[in-house]
Amino acid sequence: MATLDRQLGAQQGKGLVIRKTLSFFKDRFKHVLIDCPPMLGVLMINALAACDKLIIPVQTEFLSLKGLEHMLHTVSMINHSRRSALPYFIVPTMHDGRTKAAIDCLAELHKRYGDNVWQSFVPVDIGFREASKLGLPLPEMSPDSAGTRAYKQLLNMLNEPEVNVSNG
């Protein structure tokens with residue numbers, strides 16, 4: 001997917017490649033997670049065009065709030081093209097509750113985006129780096145780590161039938 005832009009050039013419909021491909025697998029998978037870099041490009045446009053819900057991880061740092069603003073501006077442009085609002089859900093990540101800056105940033109996320117923000121957060125956990133270095137998923141390397149517990153809590157919450165991801 002990283003070379004999609006170069007491969008397709010100016011070909012019409014290149015923003016719908018993922019959506020068309022996933023349509024072949026709709027009966028095989030309940031959920032598909034598309035992980036994209038936080039920059040606007042063909043991959044991001046494809047992912048936004050293909051998804052039903054958007055989960056936006058945001059580090060609890062003030063610079064990340066600026067990135068989130070840009071991302072939501074992009075989402076609003078996509079919404080115009082889709083002719084419907086794409087529901088989104090913000091997941092605070094890499095939260096270091098020992099720092100005032102992170103605590104203030106988390107509070108600002110909740111203030112600005114309310115119900116669109118997960119009520120919990122994924123904490124800073126050195127296990128992520130160690131697992132990455134070993135080429136292992138964190139739950140396999142450290143099933144009881146704070147990061148593993150946070151992501152399990154998030155998955156459980158997202159799988160609850162009454163959870164409503166807002167249109168913002």
# chains A, B, ... in the order shown; residues from 1 in each chain; ligands from 1
call {"tool": "select_by_dssp", "arguments": {"residues": "stretch 67-164 of chain A", "states": "helix (DSSP H, G or I)", "output": "compact mmCIF listing (two decimals) with N, CA, C and O atoms, in the first residue's frame"}}
result
# COMPACT_ATOMS: atom_id res chain seq x y z
N GLY A 67 -1.96 18.01 15.41
CA GLY A 67 -2.11 16.95 14.41
C GLY A 67 -3.53 16.43 14.34
O GLY A 67 -4.05 16.16 13.26
N LEU A 68 -4.17 16.30 15.50
CA LEU A 68 -5.56 15.85 15.55
C LEU A 68 -6.47 16.85 14.83
O LEU A 68 -7.37 16.45 14.08
N GLU A 69 -6.25 18.13 15.05
CA GLU A 69 -7.05 19.15 14.36
C GLU A 69 -6.94 19.00 12.85
O GLU A 69 -7.94 19.06 12.13
N HIS A 70 -5.72 18.78 12.36
CA HIS A 70 -5.51 18.60 10.92
C HIS A 70 -6.20 17.32 10.42
O HIS A 70 -6.82 17.32 9.36
N MET A 71 -6.11 16.26 11.23
CA MET A 71 -6.75 15.00 10.85
C MET A 71 -8.26 15.18 10.76
O MET A 71 -8.90 14.72 9.80
N LEU A 72 -8.85 15.85 11.73
CA LEU A 72 -10.30 16.04 11.72
C LEU A 72 -10.73 16.98 10.58
O LEU A 72 -11.83 16.84 10.06
N HIS A 73 -9.86 17.89 10.18
CA HIS A 73 -10.14 18.72 9.00
C HIS A 73 -10.20 17.84 7.76
O HIS A 73 -11.09 17.98 6.91
N THR A 74 -9.25 16.90 7.66
CA THR A 74 -9.24 15.95 6.54
C THR A 74 -10.51 15.11 6.56
O THR A 74 -11.14 14.89 5.52
N VAL A 75 -10.90 14.65 7.74
CA VAL A 75 -12.12 13.85 7.87
C VAL A 75 -13.33 14.66 7.41
O VAL A 75 -14.20 14.14 6.72
N SER A 76 -13.36 15.92 7.73
CA SER A 76 -14.50 16.75 7.31
C SER A 76 -14.54 16.89 5.78
O SER A 76 -15.61 16.90 5.19
N MET A 77 -13.37 16.96 5.14
CA MET A 77 -13.34 17.00 3.67
C MET A 77 -13.82 15.67 3.10
O MET A 77 -14.57 15.64 2.12
N ILE A 78 -13.42 14.57 3.71
CA ILE A 78 -13.86 13.24 3.26
C ILE A 78 -15.37 13.11 3.45
O ILE A 78 -16.08 12.57 2.60
N ASN A 79 -15.87 13.62 4.58
CA ASN A 79 -17.32 13.57 4.84
C ASN A 79 -18.09 14.25 3.73
O ASN A 79 -19.16 13.80 3.33
N HIS A 80 -17.56 15.36 3.25
CA HIS A 80 -18.21 16.09 2.15
C HIS A 80 -18.29 15.20 0.90
O HIS A 80 -19.33 15.14 0.24
N SER A 81 -17.21 14.50 0.60
CA SER A 81 -17.19 13.61 -0.56
C SER A 81 -18.09 12.41 -0.36
O SER A 81 -18.73 11.94 -1.30
N ARG A 82 -18.11 11.88 0.87
CA ARG A 82 -18.93 10.69 1.17
C ARG A 82 -20.40 11.03 1.26
O ARG A 82 -21.25 10.15 1.21
N LYS A 100 2.44 17.00 34.32
CA LYS A 100 1.33 17.96 34.24
C LYS A 100 0.91 18.18 32.79
O LYS A 100 -0.28 18.29 32.50
N ALA A 101 1.89 18.22 31.90
CA ALA A 101 1.57 18.46 30.48
C ALA A 101 0.65 17.37 29.93
O ALA A 101 -0.32 17.66 29.23
N ALA A 102 0.94 16.11 30.25
CA ALA A 102 0.10 15.00 29.76
C ALA A 102 -1.28 15.05 30.40
O ALA A 102 -2.30 14.83 29.73
N ILE A 103 -1.34 15.35 31.69
CA ILE A 103 -2.63 15.45 32.39
C ILE A 103 -3.46 16.57 31.80
O ILE A 103 -4.66 16.41 31.53
N ASP A 104 -2.83 17.73 31.56
CA ASP A 104 -3.54 18.87 30.97
C ASP A 104 -4.00 18.57 29.55
O ASP A 104 -5.11 18.95 29.15
N CYS A 105 -3.17 17.87 28.78
CA CYS A 105 -3.53 17.53 27.40
C CYS A 105 -4.72 16.58 27.38
O CYS A 105 -5.64 16.75 26.58
N LEU A 106 -4.72 15.60 28.28
CA LEU A 106 -5.83 14.66 28.35
C LEU A 106 -7.13 15.40 28.71
O LEU A 106 -8.17 15.16 28.10
N ALA A 107 -7.03 16.32 29.65
CA ALA A 107 -8.20 17.13 30.02
C ALA A 107 -8.69 17.96 28.83
O ALA A 107 -9.89 18.09 28.59
N GLU A 108 -7.75 18.51 28.07
CA GLU A 108 -8.11 19.32 26.89
C GLU A 108 -8.79 18.46 25.82
O GLU A 108 -9.75 18.91 25.18
N LEU A 109 -8.32 17.24 25.62
CA LEU A 109 -8.98 16.33 24.67
C LEU A 109 -10.44 16.12 25.06
O LEU A 109 -11.33 16.22 24.22
N HIS A 110 -10.67 15.85 26.35
CA HIS A 110 -12.05 15.62 26.81
C HIS A 110 -12.89 16.88 26.69
O HIS A 110 -14.07 16.82 26.32
N LYS A 111 -12.27 18.02 26.96
CA LYS A 111 -13.00 19.30 26.88
C LYS A 111 -13.42 19.59 25.43
O LYS A 111 -14.56 19.97 25.17
N ARG A 112 -12.50 19.43 24.50
CA ARG A 112 -12.77 19.76 23.10
C ARG A 112 -13.66 18.74 22.39
O ARG A 112 -14.48 19.10 21.56
N TYR A 113 -13.44 17.45 22.69
CA TYR A 113 -14.07 16.41 21.87
C TYR A 113 -15.05 15.53 22.63
O TYR A 113 -15.65 14.63 22.04
N GLY A 114 -15.23 15.77 23.91
CA GLY A 114 -16.25 15.13 24.73
C GLY A 114 -16.41 13.64 24.55
O GLY A 114 -15.49 12.86 24.77
N ASP A 115 -17.61 13.24 24.11
CA ASP A 115 -17.95 11.82 23.98
C ASP A 115 -17.16 11.10 22.90
O ASP A 115 -17.22 9.87 22.80
N ASN A 116 -16.46 11.83 22.08
CA ASN A 116 -15.64 11.21 21.03
C ASN A 116 -14.30 10.71 21.58
O ASN A 116 -13.51 10.15 20.84
N ILE A 126 7.08 0.78 28.79
CA ILE A 126 8.35 0.41 28.18
C ILE A 126 8.24 -0.93 27.46
O ILE A 126 9.00 -1.23 26.55
N GLY A 127 7.25 -1.72 27.85
CA GLY A 127 7.03 -3.02 27.21
C GLY A 127 6.79 -2.92 25.71
O GLY A 127 7.16 -3.82 24.96
N PHE A 128 6.19 -1.83 25.25
CA PHE A 128 5.96 -1.65 23.81
C PHE A 128 7.28 -1.66 23.05
O PHE A 128 7.42 -2.29 22.01
N ARG A 129 8.27 -0.94 23.57
CA ARG A 129 9.58 -0.87 22.91
C ARG A 129 10.29 -2.22 22.96
O ARG A 129 10.89 -2.64 21.98
N GLU A 130 10.23 -2.85 24.11
CA GLU A 130 10.89 -4.15 24.27
C GLU A 130 10.25 -5.19 23.35
O GLU A 130 10.96 -5.97 22.70
N ALA A 131 8.94 -5.22 23.28
CA ALA A 131 8.24 -6.18 22.41
C ALA A 131 8.59 -5.91 20.95
O ALA A 131 8.83 -6.86 20.18
N SER A 132 8.63 -4.65 20.57
CA SER A 132 8.97 -4.29 19.20
C SER A 132 10.39 -4.77 18.86
O SER A 132 10.63 -5.31 17.78
N LYS A 133 11.30 -4.55 19.78
CA LYS A 133 12.70 -4.97 19.57
C LYS A 133 12.79 -6.49 19.36
O LYS A 133 13.56 -6.97 18.55
N LEU A 134 11.95 -7.24 20.08
CA LEU A 134 11.95 -8.70 19.97
C LEU A 134 11.06 -9.22 18.84
O LEU A 134 11.01 -10.42 18.58
N LEU A 138 2.98 -7.18 22.22
CA LEU A 138 3.10 -6.95 23.66
C LEU A 138 2.30 -7.97 24.48
O LEU A 138 2.83 -8.49 25.47
N PRO A 139 1.06 -8.33 24.11
CA PRO A 139 0.33 -9.30 24.92
C PRO A 139 1.02 -10.67 25.01
O PRO A 139 0.87 -11.37 25.99
N GLU A 140 1.79 -11.01 23.98
CA GLU A 140 2.51 -12.28 24.03
C GLU A 140 3.73 -12.17 24.94
O GLU A 140 4.03 -13.08 25.71
N MET A 141 4.41 -11.04 24.87
CA MET A 141 5.61 -10.86 25.68
C MET A 141 5.27 -10.57 27.14
O MET A 141 5.90 -11.07 28.06
N ALA A 146 0.71 -2.92 31.73
CA ALA A 146 -0.28 -1.84 31.72
C ALA A 146 -0.78 -1.57 30.30
O ALA A 146 -1.97 -1.33 30.08
N GLY A 147 0.12 -1.62 29.31
CA GLY A 147 -0.29 -1.39 27.93
C GLY A 147 -1.22 -2.47 27.41
O GLY A 147 -2.22 -2.19 26.75
N THR A 148 -0.90 -3.72 27.72
CA THR A 148 -1.76 -4.84 27.31
C THR A 148 -3.14 -4.70 27.94
O THR A 148 -4.17 -4.84 27.26
N ARG A 149 -3.18 -4.42 29.23
CA ARG A 149 -4.47 -4.27 29.92
C ARG A 149 -5.28 -3.13 29.32
O ARG A 149 -6.50 -3.26 29.13
N ALA A 150 -4.63 -2.02 28.99
CA ALA A 150 -5.35 -0.87 28.42
C ALA A 150 -5.96 -1.23 27.06
O ALA A 150 -7.12 -0.92 26.80
N TYR A 151 -5.17 -1.87 26.20
CA TYR A 151 -5.70 -2.22 24.88
C TYR A 151 -6.80 -3.28 24.98
O TYR A 151 -7.76 -3.24 24.21
N LYS A 152 -6.69 -4.21 25.91
CA LYS A 152 -7.77 -5.18 26.11
C LYS A 152 -9.04 -4.48 26.56
O LYS A 152 -10.14 -4.79 26.11
N GLN A 153 -8.89 -3.51 27.46
CA GLN A 153 -10.04 -2.73 27.93
C GLN A 153 -10.67 -1.98 26.76
O GLN A 153 -11.90 -1.95 26.62
N LEU A 154 -9.86 -1.38 25.91
CA LEU A 154 -10.36 -0.66 24.75
C LEU A 154 -11.11 -1.60 23.80
O LEU A 154 -12.22 -1.29 23.36
N LEU A 155 -10.53 -2.75 23.50
CA LEU A 155 -11.18 -3.71 22.61
C LEU A 155 -12.50 -4.20 23.19
O LEU A 155 -13.49 -4.31 22.46
N ASN A 156 -12.52 -4.49 24.47
CA ASN A 156 -13.77 -4.92 25.10
C ASN A 156 -14.84 -3.83 24.99
O ASN A 156 -16.00 -4.11 24.69
N MET A 157 -14.44 -2.60 25.23
CA MET A 157 -15.39 -1.48 25.15
C MET A 157 -15.90 -1.29 23.71
O MET A 157 -17.09 -1.11 23.49
N LEU A 158 -15.02 -1.37 22.74
CA LEU A 158 -15.43 -1.20 21.34
C LEU A 158 -16.32 -2.33 20.85
O LEU A 158 -17.12 -2.14 19.94
N ASN A 159 -16.19 -3.51 21.44
CA ASN A 159 -17.01 -4.65 21.03
C ASN A 159 -18.37 -4.70 21.72
O ASN A 159 -19.19 -5.54 21.37
call {"tool": "select_by_dssp", "arguments": {"residues": "stretch 49-165 of chain A", "states": "strand (DSSP E)", "output": "ChimeraX atom specification"}}
result
/A:54-59,88-93
call {"tool": "residues_around", "arguments": {"residues": "stretch 85-99 of chain A", "least_positions_apart": "4", "cutoff": "8 Å", "atoms": "only C-alpha atoms", "output": "PyMOL selection string"}}
result
chain A and resi 52-60+75-76+79-80+103+106+116-118+120-125+165-168
call {"tool": "residues_around", "arguments": {"residues": "A:Arg19", "least_positions_apart": "5", "cutoff": "8 Å", "atoms": "only C-alpha atoms", "output": "list in words"}}
result
Asn46, Ala47, Ala49, Ala50 and Cys51 of chain A
call {"tool": "write_last_selection", "arguments": {"atoms": "all heavy atoms", "output": "PDB file, in the first residue's frame"}}
result
ATOM      1  N   ASN A  46      -7.600   6.244   0.845  1.00  0.00           N
ATOM      2  CA  ASN A  46      -8.155   4.903   0.657  1.00  0.00           C
ATOM      3  C   ASN A  46      -8.749   4.371   1.951  1.00  0.00           C
ATOM      4  O   ASN A  46      -9.851   3.830   1.958  1.00  0.00           O
ATOM      5  CB  ASN A  46      -7.062   3.944   0.176  1.00  0.00           C
ATOM      6  CG  ASN A  46      -7.076   3.756  -1.312  1.00  0.00           C
ATOM      7  OD1 ASN A  46      -7.752   2.869  -1.806  1.00  0.00           O
ATOM      8  ND2 ASN A  46      -6.348   4.599  -2.023  1.00  0.00           N
ATOM      9  N   ALA A  47      -8.015   4.514   3.036  1.00  0.00           N
ATOM     10  CA  ALA A  47      -8.488   4.001   4.322  1.00  0.00           C
ATOM     11  C   ALA A  47      -9.753   4.727   4.759  1.00  0.00           C
ATOM     12  O   ALA A  47     -10.716   4.097   5.215  1.00  0.00           O
ATOM     13  CB  ALA A  47      -7.396   4.145   5.378  1.00  0.00           C
ATOM     14  N   ALA A  49     -11.927   6.247   2.876  1.00  0.00           N
ATOM     15  CA  ALA A  49     -13.031   5.901   1.980  1.00  0.00           C
ATOM     16  C   ALA A  49     -13.570   4.494   2.271  1.00  0.00           C
ATOM     17  O   ALA A  49     -14.739   4.213   2.017  1.00  0.00           O
ATOM     18  CB  ALA A  49     -12.577   5.989   0.522  1.00  0.00           C
ATOM     19  N   ALA A  50     -12.721   3.628   2.815  1.00  0.00           N
ATOM     20  CA  ALA A  50     -13.115   2.239   3.053  1.00  0.00           C
ATOM     21  C   ALA A  50     -13.748   2.007   4.416  1.00  0.00           C
ATOM     22  O   ALA A  50     -14.431   1.020   4.617  1.00  0.00           O
ATOM     23  CB  ALA A  50     -11.892   1.328   2.911  1.00  0.00           C
ATOM     24  N   CYS A  51     -13.534   2.915   5.354  1.00  0.00           N
ATOM     25  CA  CYS A  51     -13.944   2.591   6.726  1.00  0.00           C
ATOM     26  C   CYS A  51     -15.366   3.042   7.062  1.00  0.00           C
ATOM     27  O   CYS A  51     -15.919   3.938   6.440  1.00  0.00           O
ATOM     28  CB  CYS A  51     -12.955   3.167   7.725  1.00  0.00           C
ATOM     29  SG  CYS A  51     -12.960   4.942   7.917  1.00  0.00           S
TER      30      CYS A  51
END
